[in-house]
file coords08.txt (compact mmCIF, C-alpha atoms and all ligand atoms)
# COMPACT_ATOMS: atom_id res chain seq x y z
CA MET A 239 110.69 116.74 112.47
CA PRO A 240 108.06 116.50 115.27
CA TRP A 241 105.99 119.59 115.95
CA PHE A 242 105.86 118.76 119.67
CA ARG A 243 108.34 117.05 121.85
CA LYS A 244 108.09 115.59 125.33
CA LYS A 245 110.16 117.28 127.97
CA LYS A 246 110.06 115.95 131.49
CA GLY A 247 106.53 114.73 130.99
CA LYS A 248 105.32 118.03 129.54
CA ILE A 249 104.54 118.68 125.89
CA GLU A 250 106.44 121.64 124.59
CA PRO A 251 105.97 123.19 121.12
CA VAL A 252 108.94 123.22 118.79
CA ARG A 253 110.33 126.72 118.30
CA ASP A 254 109.55 128.36 114.94
CA GLU A 255 113.15 128.43 113.80
CA GLU A 256 113.37 124.65 114.21
CA ARG A 257 110.20 124.04 112.24
CA VAL A 258 111.66 124.12 108.77
CA VAL A 259 110.12 122.35 105.80
CA ARG A 260 112.26 122.38 102.71
CA THR A 261 110.07 123.49 99.81
CA GLU A 262 112.55 125.24 97.52
CA ASN A 263 112.58 123.75 94.02
CA VAL A 264 109.22 122.11 94.70
CA PHE A 265 106.81 125.05 94.49
CA VAL A 266 106.73 128.16 92.32
CA ARG A 267 104.64 131.25 92.99
CA CYS A 268 102.54 132.45 90.05
CA GLU A 269 103.56 135.98 89.12
CA GLU A 270 99.99 136.82 88.09
CA CYS A 271 97.63 135.34 90.69
CA GLY A 272 100.10 134.60 93.52
CA GLU A 273 99.03 130.95 93.87
CA HIS A 274 101.69 128.43 94.76
CA LEU A 275 102.13 125.89 92.01
CA TYR A 276 103.66 122.46 92.27
CA LYS A 277 106.65 122.61 89.94
CA LYS A 278 106.05 119.19 88.44
CA GLU A 279 102.41 120.04 87.67
CA LEU A 280 103.49 123.33 86.15
CA GLU A 281 105.90 121.49 83.84
CA GLU A 282 103.14 119.10 82.80
CA ALA A 283 100.91 122.10 82.03
CA LEU A 284 103.66 123.47 79.71
CA GLN A 285 104.53 126.21 82.26
CA VAL A 286 100.99 127.63 82.28
CA CYS A 287 99.33 128.45 85.64
CA VAL A 288 96.38 126.11 86.22
CA HIS A 289 94.56 128.82 88.23
CA CYS A 290 94.82 131.89 85.99
CA SER A 291 96.41 130.62 82.73
CA TYR A 292 99.42 132.89 83.18
CA HIS A 293 102.08 131.83 80.68
CA PHE A 294 105.52 131.55 82.28
CA ARG A 295 108.44 132.07 79.91
CA LEU A 296 109.71 128.96 78.19
CA GLY A 297 113.29 128.21 77.12
CA ALA A 298 114.24 127.56 73.49
CA TYR A 299 114.93 123.83 73.84
CA ASP A 300 111.66 123.29 75.76
CA ARG A 301 109.76 125.16 73.05
CA LEU A 302 111.10 122.94 70.28
CA GLU A 303 110.57 119.78 72.29
CA LYS A 304 106.90 120.73 72.77
CA LEU A 305 106.54 121.53 69.06
CA PHE A 306 107.96 118.52 67.22
CA ASP A 307 106.35 115.08 66.94
CA ASP A 308 107.42 112.94 69.93
CA GLY A 309 109.65 115.83 71.00
CA TYR A 310 112.18 114.71 68.42
CA CYS A 311 114.16 117.09 66.21
CA GLU A 312 117.64 117.56 64.82
CA GLU A 313 119.42 120.77 65.81
CA LEU A 314 120.83 122.82 62.93
CA ASP A 315 123.81 125.15 62.71
CA ALA A 316 124.68 124.90 66.41
CA GLU A 317 128.25 125.91 65.51
CA VAL A 318 127.14 129.40 64.41
CA VAL A 319 127.93 131.69 67.34
CA SER A 320 128.53 135.42 67.67
CA THR A 321 132.03 136.76 67.37
CA ASP A 322 132.96 140.24 68.49
CA PRO A 323 133.47 142.17 65.24
CA LEU A 324 133.47 145.59 66.92
CA GLU A 325 135.55 144.51 69.94
CA PHE A 326 132.81 146.09 71.97
CA VAL A 327 133.12 146.82 75.66
CA ASP A 328 130.31 148.19 77.84
CA SER A 329 130.31 147.33 81.55
CA LYS A 330 132.29 144.26 80.46
CA PRO A 331 133.79 143.01 77.16
CA TYR A 332 131.20 141.56 74.77
CA VAL A 333 133.20 138.31 74.36
CA ASN A 334 132.94 137.75 78.13
CA ARG A 335 129.22 138.49 78.01
CA ILE A 336 128.69 135.83 75.33
CA ALA A 337 130.78 133.24 77.20
CA GLN A 338 128.90 133.98 80.42
CA ALA A 339 125.51 133.63 78.67
CA GLN A 340 126.58 130.32 77.13
CA ARG A 341 127.67 128.99 80.52
CA ALA A 342 124.55 130.18 82.35
CA THR A 343 122.00 128.96 79.81
CA GLY A 344 123.69 125.98 78.13
CA LEU A 345 122.67 127.55 74.83
CA PRO A 346 125.11 128.37 72.01
CA GLU A 347 123.13 131.49 71.01
CA ALA A 348 119.83 133.33 71.59
CA VAL A 349 118.07 131.16 69.02
CA ILE A 350 117.97 127.40 68.52
CA THR A 351 117.00 126.05 65.12
CA ALA A 352 116.01 122.50 64.23
CA ARG A 353 114.57 120.21 61.60
CA GLY A 354 111.80 117.70 62.32
CA LYS A 355 108.19 116.74 61.78
CA VAL A 356 105.07 118.40 63.15
CA GLY A 357 101.88 116.44 62.61
CA GLY A 358 103.83 114.52 59.97
CA HIS A 359 104.74 117.71 58.07
CA ARG A 360 108.36 118.61 57.38
CA VAL A 361 109.07 121.63 59.59
CA PHE A 362 112.05 123.88 60.17
CA GLY A 363 111.57 125.38 63.62
CA GLY A 364 113.35 128.14 65.48
CA ALA A 365 112.91 129.27 69.08
CA MET A 366 114.44 132.32 70.72
CA ASP A 367 115.45 132.41 74.38
CA MET A 368 115.15 135.49 76.58
CA ASN A 369 117.74 134.16 79.01
CA PHE A 370 120.51 134.57 76.44
CA ILE A 371 121.40 138.31 76.47
CA GLY A 372 117.68 139.23 76.49
CA GLY A 373 116.97 137.14 73.38
CA SER A 374 118.76 139.84 71.40
CA MET A 375 119.33 139.42 67.68
CA GLY A 376 122.95 139.67 66.60
CA SER A 377 124.72 138.35 63.50
CA ALA A 378 124.59 134.73 64.66
CA VAL A 379 120.85 134.83 65.40
CA GLY A 380 120.22 136.42 61.99
CA GLU A 381 122.46 133.90 60.25
CA LYS A 382 120.86 130.90 61.96
CA LEU A 383 117.35 132.06 61.08
CA THR A 384 118.33 132.84 57.49
CA ARG A 385 119.92 129.39 57.13
CA LEU A 386 116.79 127.83 58.66
CA ILE A 387 114.68 129.43 55.94
CA GLU A 388 117.19 128.32 53.30
CA HIS A 389 117.08 124.73 54.62
CA ALA A 390 113.27 124.89 54.35
CA MET A 391 113.49 126.10 50.74
CA LYS A 392 115.98 123.40 49.81
CA GLU A 393 114.03 120.57 51.43
CA ARG A 394 110.57 122.07 50.90
CA GLY A 395 109.28 122.42 54.43
CA ALA A 396 107.38 124.96 56.50
CA VAL A 397 109.10 127.48 58.77
CA ILE A 398 107.87 128.12 62.32
CA ILE A 399 109.65 130.65 64.52
CA PHE A 400 108.87 131.36 68.17
CA ALA A 401 109.95 134.95 68.80
CA ALA A 402 111.08 136.16 72.23
CA SER A 403 113.37 139.12 72.11
CA GLY A 404 114.34 142.47 73.53
CA GLY A 405 115.35 143.50 69.99
CA ALA A 406 118.62 143.97 68.15
CA ARG A 407 121.89 143.21 69.93
CA MET A 408 123.41 146.58 70.75
CA GLN A 409 126.93 145.19 71.11
CA GLU A 410 127.02 144.42 67.38
CA GLY A 411 125.74 147.80 66.22
CA THR A 412 124.64 148.05 62.59
CA LEU A 413 125.62 144.42 61.94
CA SER A 414 122.72 143.37 64.13
CA LEU A 415 120.28 145.76 62.39
CA MET A 416 121.36 144.26 59.05
CA GLN A 417 119.91 140.93 60.12
CA MET A 418 116.40 142.40 59.89
CA ALA A 419 116.77 142.89 56.13
CA LYS A 420 118.63 139.60 55.66
CA ILE A 421 115.93 137.45 57.30
CA SER A 422 113.13 139.40 55.60
CA ALA A 423 114.75 138.82 52.18
CA ALA A 424 115.02 135.08 52.90
CA LEU A 425 111.31 135.03 53.85
CA ALA A 426 110.42 136.74 50.58
CA ALA A 427 112.26 133.96 48.73
CA LEU A 428 110.38 131.38 50.82
CA GLU A 429 107.09 132.94 49.79
CA GLU A 430 108.06 132.78 46.10
CA ARG A 431 108.43 129.04 46.56
CA HIS A 432 104.92 128.82 48.06
CA LEU A 433 106.17 127.58 51.41
CA PRO A 434 104.51 128.81 54.60
CA PHE A 435 105.98 130.72 57.52
CA ILE A 436 104.14 130.64 60.85
CA SER A 437 105.27 133.30 63.31
CA VAL A 438 104.52 132.75 66.99
CA LEU A 439 104.88 135.80 69.21
CA THR A 440 105.67 135.09 72.84
CA ASP A 441 106.30 137.38 75.80
CA PRO A 442 108.11 139.66 75.02
CA THR A 443 108.60 140.27 71.29
CA THR A 444 110.00 143.74 70.78
CA GLY A 445 112.37 145.97 68.80
CA GLY A 446 114.07 144.77 65.63
CA VAL A 447 112.49 141.33 65.83
CA THR A 448 108.96 142.81 65.76
CA ALA A 449 110.06 145.23 63.05
CA SER A 450 111.19 142.39 60.79
CA PHE A 451 110.45 138.67 60.59
CA ALA A 452 108.05 138.34 63.55
CA MET A 453 105.36 140.36 61.75
CA LEU A 454 105.95 138.75 58.34
CA GLY A 455 104.24 135.43 59.02
CA ASP A 456 101.66 134.03 56.62
CA LEU A 457 100.01 133.21 59.91
CA ILE A 458 100.85 135.32 62.97
CA ILE A 459 99.75 133.93 66.30
CA ALA A 460 100.55 135.07 69.82
CA GLU A 461 100.41 133.61 73.29
CA PRO A 462 97.91 135.26 75.68
CA LYS A 463 98.96 138.59 77.23
CA ALA A 464 102.33 138.57 75.44
CA LEU A 465 104.01 141.98 75.18
CA VAL A 466 104.46 142.73 71.49
CA GLY A 467 105.72 146.07 70.28
CA PHE A 468 108.57 148.04 68.79
CA ALA A 469 109.47 150.78 71.27
CA GLY A 470 108.36 150.55 74.91
CA PRO A 471 105.20 152.39 76.07
CA ARG A 472 107.16 154.98 78.09
CA VAL A 473 109.11 156.09 75.01
CA ILE A 474 105.93 156.34 72.94
CA GLU A 475 104.08 158.35 75.62
CA GLN A 476 106.96 160.81 75.82
CA THR A 477 107.09 161.15 72.04
CA ILE A 478 103.39 161.58 71.26
CA ARG A 479 102.59 163.25 74.62
CA GLN A 480 99.49 161.16 75.12
CA LYS A 481 98.45 158.54 77.64
CA LEU A 482 98.35 155.11 76.06
CA PRO A 483 95.34 152.78 76.46
CA LYS A 484 95.39 149.99 79.03
CA ASP A 485 96.76 146.70 77.69
CA PHE A 486 98.49 148.61 74.89
CA GLN A 487 101.03 146.31 73.18
CA ARG A 488 99.50 143.14 74.62
CA SER A 489 98.41 140.39 72.23
CA GLU A 490 94.69 140.95 73.00
CA PHE A 491 95.01 144.61 71.96
CA LEU A 492 96.90 143.63 68.80
CA LEU A 493 94.26 141.05 67.85
CA SER A 494 91.40 143.55 68.26
CA HIS A 495 93.31 145.99 66.03
CA GLY A 496 94.00 143.49 63.27
CA MET A 497 97.75 143.20 63.82
CA ILE A 498 97.77 139.45 64.46
CA ASP A 499 95.61 136.53 63.33
CA GLU A 500 94.94 134.65 66.56
CA ILE A 501 95.78 134.23 70.23
CA VAL A 502 96.48 130.63 71.13
CA ASP A 503 96.91 129.17 74.61
CA ARG A 504 100.22 127.31 74.84
CA ARG A 505 98.43 124.08 75.76
CA GLU A 506 96.54 124.32 72.45
CA MET A 507 99.51 125.53 70.41
CA ARG A 508 100.71 122.24 68.88
CA PRO A 509 97.26 121.03 67.73
CA TYR A 510 96.55 124.52 66.37
CA ILE A 511 99.81 124.57 64.39
CA ILE A 512 99.18 121.06 63.04
CA LYS A 513 95.73 122.15 61.83
CA ALA A 514 97.27 125.19 60.16
CA LEU A 515 99.99 123.05 58.52
CA ASP A 516 97.39 120.53 57.30
CA PHE A 517 95.79 123.43 55.46
CA MET A 518 98.91 125.33 54.36
CA MET A 519 100.89 122.28 53.26
CA ASN A 520 97.96 120.81 51.37
CA PRO A 521 99.32 120.02 47.89
CA ALA A 522 96.09 121.26 46.33
CA ILE A 523 96.78 124.67 47.84
CA THR A 524 100.57 124.92 47.51
CA SER A 525 102.61 123.86 44.49
CA GLU A 526 102.45 120.35 43.08
CA SER A 527 105.89 119.29 44.32
CA THR A 528 104.77 119.69 47.95
CA ALA A 529 102.93 116.39 47.53
CA GLN A 530 106.29 114.66 47.61
CA LEU A 531 106.71 115.64 51.26
CA SER A 532 104.45 112.90 52.54
CA GLY A 533 107.17 110.25 52.77
CA LEU A 534 110.44 110.39 54.68
CA LYS A 535 112.35 110.00 51.42
CA PHE A 536 111.38 112.53 48.81
CA GLN A 537 112.92 114.19 45.81
CA VAL A 538 112.63 117.86 45.07
CA SER A 539 111.32 118.39 41.58
CA GLY A 540 113.77 119.70 39.01
CA SER A 541 112.33 123.19 38.81
CA HIS A 542 112.99 123.95 42.51
CA PRO A 543 116.40 124.59 44.01
ZN ZN A 601 98.31 132.11 88.25
call {"tool": "encode", "arguments": {"input": "coords08.txt", "output": "structure tokens"}}
result
Amino acid sequence: MPWFRKKKGKIEPVRDEERVVRTENVFVRCEECGEHLYKKELEEALQVCVHCSYHFRLGAYDRLEKLFDDGYCEELDAEVVSTDPLEFVDSKPYVNRIAQAQRATGLPEAVITARGKVGGHRVFGGAMDMNFIGGSMGSAVGEKLTRLIEHAMKERGAVIIFAASGGARMQEGTLSLMQMAKISAALAALEERHLPFISVLTDPTTGGVTASFAMLGDLIIAEPKALVGFAGPRVIEQTIRQKLPKDFQRSEFLLSHGMIDEIVDRREMRPYIIKALDFMMNPAITSESTAQLSGLKFQVSGSHP
């Protein structure tokens, strides 16, 4: 559209309401620094602001694609979805809430699990998604993660889980809390088999997820400035009647207090994980049968299930 037009020999400016440039779906505003970011560039930078390194939230499928070699992996247990054992109704029936979340996100559940290779190592990866009922952990999320760990034990691979969760899924009551123990028990069995679990904490990792598997990693890493905690700061302040320090429950605070091992920028995450796997999956360090992982075809030694 021209910004000036000729009218009877005179040049007349175009009125503001006519001067429209369509920019929706092209630019995104950074929530941290306010800069406008070209969407395509933001995608290339793995959804990290090029000006201030703010980490935008990433969906589960994107996470796994960025993790596995050539973005290739095989999804596991996609058929495991939540039912409604308590026939729970809050502002709407729980079954409707699940169906709505599935339609809106294209995800079957709040976690996606997959098998693939990372830096050539056999990896069983899981990624949670905040867009699916706040990344809450119900029976299906617990079951999928437990099965992921069991797959890893059976095929002798490493487990990597990207946590992003508001906590347990309230609509499933105690059944959702039970998942904390179930996943933790599976991780204990994984450890007995000398197979590593890398836990990656992303913004936000809270509630029952923090209180169980997310903090049980052999290696616990977090993305910069991720909120990681059990109860929210307001609840804690009211309980202990004290003002909490600035940046309380952010990954930087957790690192300085020895709660996590490292903070890793998302753009460095894959090489960092590969380096960790090179070390953790080294047959000289783990059990002798791990050496068989190097080829695509391998046989699990008789003494391992
Ligand atoms: Zn920014």
call {"tool": "residues_near_ligand", "arguments": {"input": "coords08.txt", "ligand": "ligand ZN 601 (chain A)", "cutoff": "9 Å", "atoms": "only C-alpha atoms and all ligand atoms", "output": "PyMOL selection string"}}
result
chain A and resi 267-275+286-293
call {"tool": "write_last_selection", "arguments": {"input": "coords08.txt", "atoms": "C-alpha atoms", "output": "compact mmCIF listing (two decimals), keeping the file's coordinate frame"}}
result
# COMPACT_ATOMS: atom_id res chain seq x y z
CA ARG A 267 104.64 131.25 92.99
CA CYS A 268 102.54 132.45 90.05
CA GLU A 269 103.56 135.98 89.12
CA GLU A 270 99.99 136.82 88.09
CA CYS A 271 97.63 135.34 90.69
CA GLY A 272 100.10 134.60 93.52
CA GLU A 273 99.03 130.95 93.87
CA HIS A 274 101.69 128.43 94.76
CA LEU A 275 102.13 125.89 92.01
CA VAL A 286 100.99 127.63 82.28
CA CYS A 287 99.33 128.45 85.64
CA VAL A 288 96.38 126.11 86.22
CA HIS A 289 94.56 128.82 88.23
CA CYS A 290 94.82 131.89 85.99
CA SER A 291 96.41 130.62 82.73
CA TYR A 292 99.42 132.89 83.18
CA HIS A 293 102.08 131.83 80.68
call {"tool": "residues_near_point", "arguments": {"input": "coords08.txt", "point": "(106.5, 119.3, 62.6)", "cutoff": "12 Å", "atoms": "all atoms listed in the file", "output": "PyMOL selection string"}}
result
chain A and resi 302-312+352-364+395-399+436+508-516+519+531
call {"tool": "write_last_selection", "arguments": {"input": "coords08.txt", "atoms": "C-alpha atoms", "output": "PDB file, in the frame of the given file"}}
result
ATOM      1  CA  LEU A 302     111.100 122.940  70.280  1.00  0.00           C
ATOM      2  CA  GLU A 303     110.570 119.780  72.290  1.00  0.00           C
ATOM      3  CA  LYS A 304     106.900 120.730  72.770  1.00  0.00           C
ATOM      4  CA  LEU A 305     106.540 121.530  69.060  1.00  0.00           C
ATOM      5  CA  PHE A 306     107.960 118.520  67.220  1.00  0.00           C
ATOM      6  CA  ASP A 307     106.350 115.080  66.940  1.00  0.00           C
ATOM      7  CA  ASP A 308     107.420 112.940  69.930  1.00  0.00           C
ATOM      8  CA  GLY A 309     109.650 115.830  71.000  1.00  0.00           C
ATOM      9  CA  TYR A 310     112.180 114.710  68.420  1.00  0.00           C
ATOM     10  CA  CYS A 311     114.160 117.090  66.210  1.00  0.00           C
ATOM     11  CA  GLU A 312     117.640 117.560  64.820  1.00  0.00           C
ATOM     12  CA  ALA A 352     116.010 122.500  64.230  1.00  0.00           C
ATOM     13  CA  ARG A 353     114.570 120.210  61.600  1.00  0.00           C
ATOM     14  CA  GLY A 354     111.800 117.700  62.320  1.00  0.00           C
ATOM     15  CA  LYS A 355     108.190 116.740  61.780  1.00  0.00           C
ATOM     16  CA  VAL A 356     105.070 118.400  63.150  1.00  0.00           C
ATOM     17  CA  GLY A 357     101.880 116.440  62.610  1.00  0.00           C
ATOM     18  CA  GLY A 358     103.830 114.520  59.970  1.00  0.00           C
ATOM     19  CA  HIS A 359     104.740 117.710  58.070  1.00  0.00           C
ATOM     20  CA  ARG A 360     108.360 118.610  57.380  1.00  0.00           C
ATOM     21  CA  VAL A 361     109.070 121.630  59.590  1.00  0.00           C
ATOM     22  CA  PHE A 362     112.050 123.880  60.170  1.00  0.00           C
ATOM     23  CA  GLY A 363     111.570 125.380  63.620  1.00  0.00           C
ATOM     24  CA  GLY A 364     113.350 128.140  65.480  1.00  0.00           C
ATOM     25  CA  GLY A 395     109.280 122.420  54.430  1.00  0.00           C
ATOM     26  CA  ALA A 396     107.380 124.960  56.500  1.00  0.00           C
ATOM     27  CA  VAL A 397     109.100 127.480  58.770  1.00  0.00           C
ATOM     28  CA  ILE A 398     107.870 128.120  62.320  1.00  0.00           C
ATOM     29  CA  ILE A 399     109.650 130.650  64.520  1.00  0.00           C
ATOM     30  CA  ILE A 436     104.140 130.640  60.850  1.00  0.00           C
ATOM     31  CA  ARG A 508     100.710 122.240  68.880  1.00  0.00           C
ATOM     32  CA  PRO A 509      97.260 121.030  67.730  1.00  0.00           C
ATOM     33  CA  TYR A 510      96.550 124.520  66.370  1.00  0.00           C
ATOM     34  CA  ILE A 511      99.810 124.570  64.390  1.00  0.00           C
ATOM     35  CA  ILE A 512      99.180 121.060  63.040  1.00  0.00           C
ATOM     36  CA  LYS A 513      95.730 122.150  61.830  1.00  0.00           C
ATOM     37  CA  ALA A 514      97.270 125.190  60.160  1.00  0.00           C
ATOM     38  CA  LEU A 515      99.990 123.050  58.520  1.00  0.00           C
ATOM     39  CA  ASP A 516      97.390 120.530  57.300  1.00  0.00           C
ATOM     40  CA  MET A 519     100.890 122.280  53.260  1.00  0.00           C
ATOM     41  CA  LEU A 531     106.710 115.640  51.260  1.00  0.00           C
TER      42      LEU A 531
END
call {"tool": "atom_distance", "arguments": {"input": "coords08.txt", "atom1": "CA of Glu500 in chain A", "atom2": "CA of Arg295 in chain A"}}
result
19.2 Å
call {"tool": "atom_distance", "arguments": {"input": "coords08.txt", "atom1": "CA of Ala469 in chain A", "atom2": "CA of Arg301 in chain A"}}
result
25.7 Å
call {"tool": "residues_around", "arguments": {"input": "coords08.txt", "residues": "Ile458 in chain A", "least_positions_apart": "5", "cutoff": "9 Å", "atoms": "all atoms listed in the file", "output": "VMD selection string"}}
result
chain A and resid 435 to 439 452 to 453 497 to 501
call {"tool": "atom_distance", "arguments": {"input": "coords08.txt", "atom1": "CA of Arg505 in chain A", "atom2": "CA of Pro434 in chain A"}}
result
22.5 Å
call {"tool": "residues_around", "arguments": {"input": "coords08.txt", "residues": "Met375 in chain A", "least_positions_apart": "5", "cutoff": "12 Å", "atoms": "all atoms listed in the file", "output": "short mmCIF file (atom, residue, chain, number, x, y, z; two decimals) with C-alpha atoms, in the frame of the given file"}}
result
data_model
loop_
_atom_site.label_atom_id
_atom_site.label_comp_id
_atom_site.auth_asym_id
_atom_site.auth_seq_id
_atom_site.Cartn_x
_atom_site.Cartn_y
_atom_site.Cartn_z
CA VAL A 319 127.93 131.69 67.34
CA SER A 320 128.53 135.42 67.67
CA GLU A 347 123.13 131.49 71.01
CA ALA A 348 119.83 133.33 71.59
CA VAL A 349 118.07 131.16 69.02
CA MET A 366 114.44 132.32 70.72
CA ASP A 367 115.45 132.41 74.38
CA MET A 368 115.15 135.49 76.58
CA PHE A 370 120.51 134.57 76.44
CA GLY A 380 120.22 136.42 61.99
CA GLU A 381 122.46 133.90 60.25
CA LYS A 382 120.86 130.90 61.96
CA LEU A 383 117.35 132.06 61.08
CA ALA A 401 109.95 134.95 68.80
CA ALA A 402 111.08 136.16 72.23
CA SER A 403 113.37 139.12 72.11
CA GLY A 404 114.34 142.47 73.53
CA GLY A 405 115.35 143.50 69.99
CA ALA A 406 118.62 143.97 68.15
CA ARG A 407 121.89 143.21 69.93
CA MET A 408 123.41 146.58 70.75
CA GLN A 409 126.93 145.19 71.11
CA GLU A 410 127.02 144.42 67.38
CA GLY A 411 125.74 147.80 66.22
CA THR A 412 124.64 148.05 62.59
CA LEU A 413 125.62 144.42 61.94
CA SER A 414 122.72 143.37 64.13
CA LEU A 415 120.28 145.76 62.39
CA MET A 416 121.36 144.26 59.05
CA GLN A 417 119.91 140.93 60.12
CA MET A 418 116.40 142.40 59.89
CA ILE A 421 115.93 137.45 57.30
CA THR A 443 108.60 140.27 71.29
CA THR A 444 110.00 143.74 70.78
CA GLY A 445 112.37 145.97 68.80
CA GLY A 446 114.07 144.77 65.63
CA VAL A 447 112.49 141.33 65.83
CA THR A 448 108.96 142.81 65.76
CA ALA A 449 110.06 145.23 63.05
CA SER A 450 111.19 142.39 60.79
CA PHE A 451 110.45 138.67 60.59
#
call {"tool": "residues_near_point", "arguments": {"input": "coords08.txt", "point": "(110.7, 126.1, 91.5)", "cutoff": "10 Å", "atoms": "all atoms listed in the file", "output": "list in words"}}
result
Thr261, Glu262, Asn263, Val264, Phe265, Val266, Arg267, His274, Leu275, Tyr276, Lys277, Lys278 and Leu280 of chain A
call {"tool": "write_last_selection", "arguments": {"input": "coords08.txt", "atoms": "C-alpha atoms", "output": "PDB file, in the frame of the given file"}}
result
ATOM      1  CA  THR A 261     110.070 123.490  99.810  1.00  0.00           C
ATOM      2  CA  GLU A 262     112.550 125.240  97.520  1.00  0.00           C
ATOM      3  CA  ASN A 263     112.580 123.750  94.020  1.00  0.00           C
ATOM      4  CA  VAL A 264     109.220 122.110  94.700  1.00  0.00           C
ATOM      5  CA  PHE A 265     106.810 125.050  94.490  1.00  0.00           C
ATOM      6  CA  VAL A 266     106.730 128.160  92.320  1.00  0.00           C
ATOM      7  CA  ARG A 267     104.640 131.250  92.990  1.00  0.00           C
ATOM      8  CA  HIS A 274     101.690 128.430  94.760  1.00  0.00           C
ATOM      9  CA  LEU A 275     102.130 125.890  92.010  1.00  0.00           C
ATOM     10  CA  TYR A 276     103.660 122.460  92.270  1.00  0.00           C
ATOM     11  CA  LYS A 277     106.650 122.610  89.940  1.00  0.00           C
ATOM     12  CA  LYS A 278     106.050 119.190  88.440  1.00  0.00           C
ATOM     13  CA  LEU A 280     103.490 123.330  86.150  1.00  0.00           C
TER      14      LEU A 280
END
call {"tool": "decode", "arguments": {"input": "coords08.txt", "residues": "range 389-415 of chain A", "atoms": "C-alpha atoms", "output": "CSV table (one decimal), in the first residue's frame"}}
result
chain,number,residue,atom,x,y,z
A,389,HIS,CA,12.1,-50.1,28.1
A,390,ALA,CA,15.6,-48.7,29.0
A,391,MET,CA,16.3,-51.5,31.4
A,392,LYS,CA,15.2,-54.2,28.9
A,393,GLU,CA,17.2,-52.7,26.0
A,394,ARG,CA,20.0,-51.3,28.1
A,395,GLY,CA,19.8,-47.6,27.3
A,396,ALA,CA,20.0,-44.3,29.2
A,397,VAL,CA,17.0,-42.4,30.3
A,398,ILE,CA,16.6,-38.6,29.8
A,399,ILE,CA,13.5,-36.8,31.0
A,400,PHE,CA,12.7,-33.1,30.4
A,401,ALA,CA,10.5,-32.0,33.2
A,402,ALA,CA,7.9,-29.2,32.8
A,403,SER,CA,5.0,-29.5,35.2
A,404,GLY,CA,2.7,-27.8,37.6
A,405,GLY,CA,2.7,-31.0,39.7
A,406,ALA,CA,0.3,-33.8,40.3
A,407,ARG,CA,-3.0,-33.9,38.4
A,408,MET,CA,-5.7,-32.9,40.9
A,409,GLN,CA,-8.5,-34.5,39.0
A,410,GLU,CA,-7.0,-38.0,39.7
A,411,GLY,CA,-6.5,-37.5,43.4
A,412,THR,CA,-4.3,-40.0,45.2
A,413,LEU,CA,-3.9,-42.0,42.0
A,414,SER,CA,-1.8,-39.2,40.6
A,415,LEU,CA,0.3,-39.0,43.9
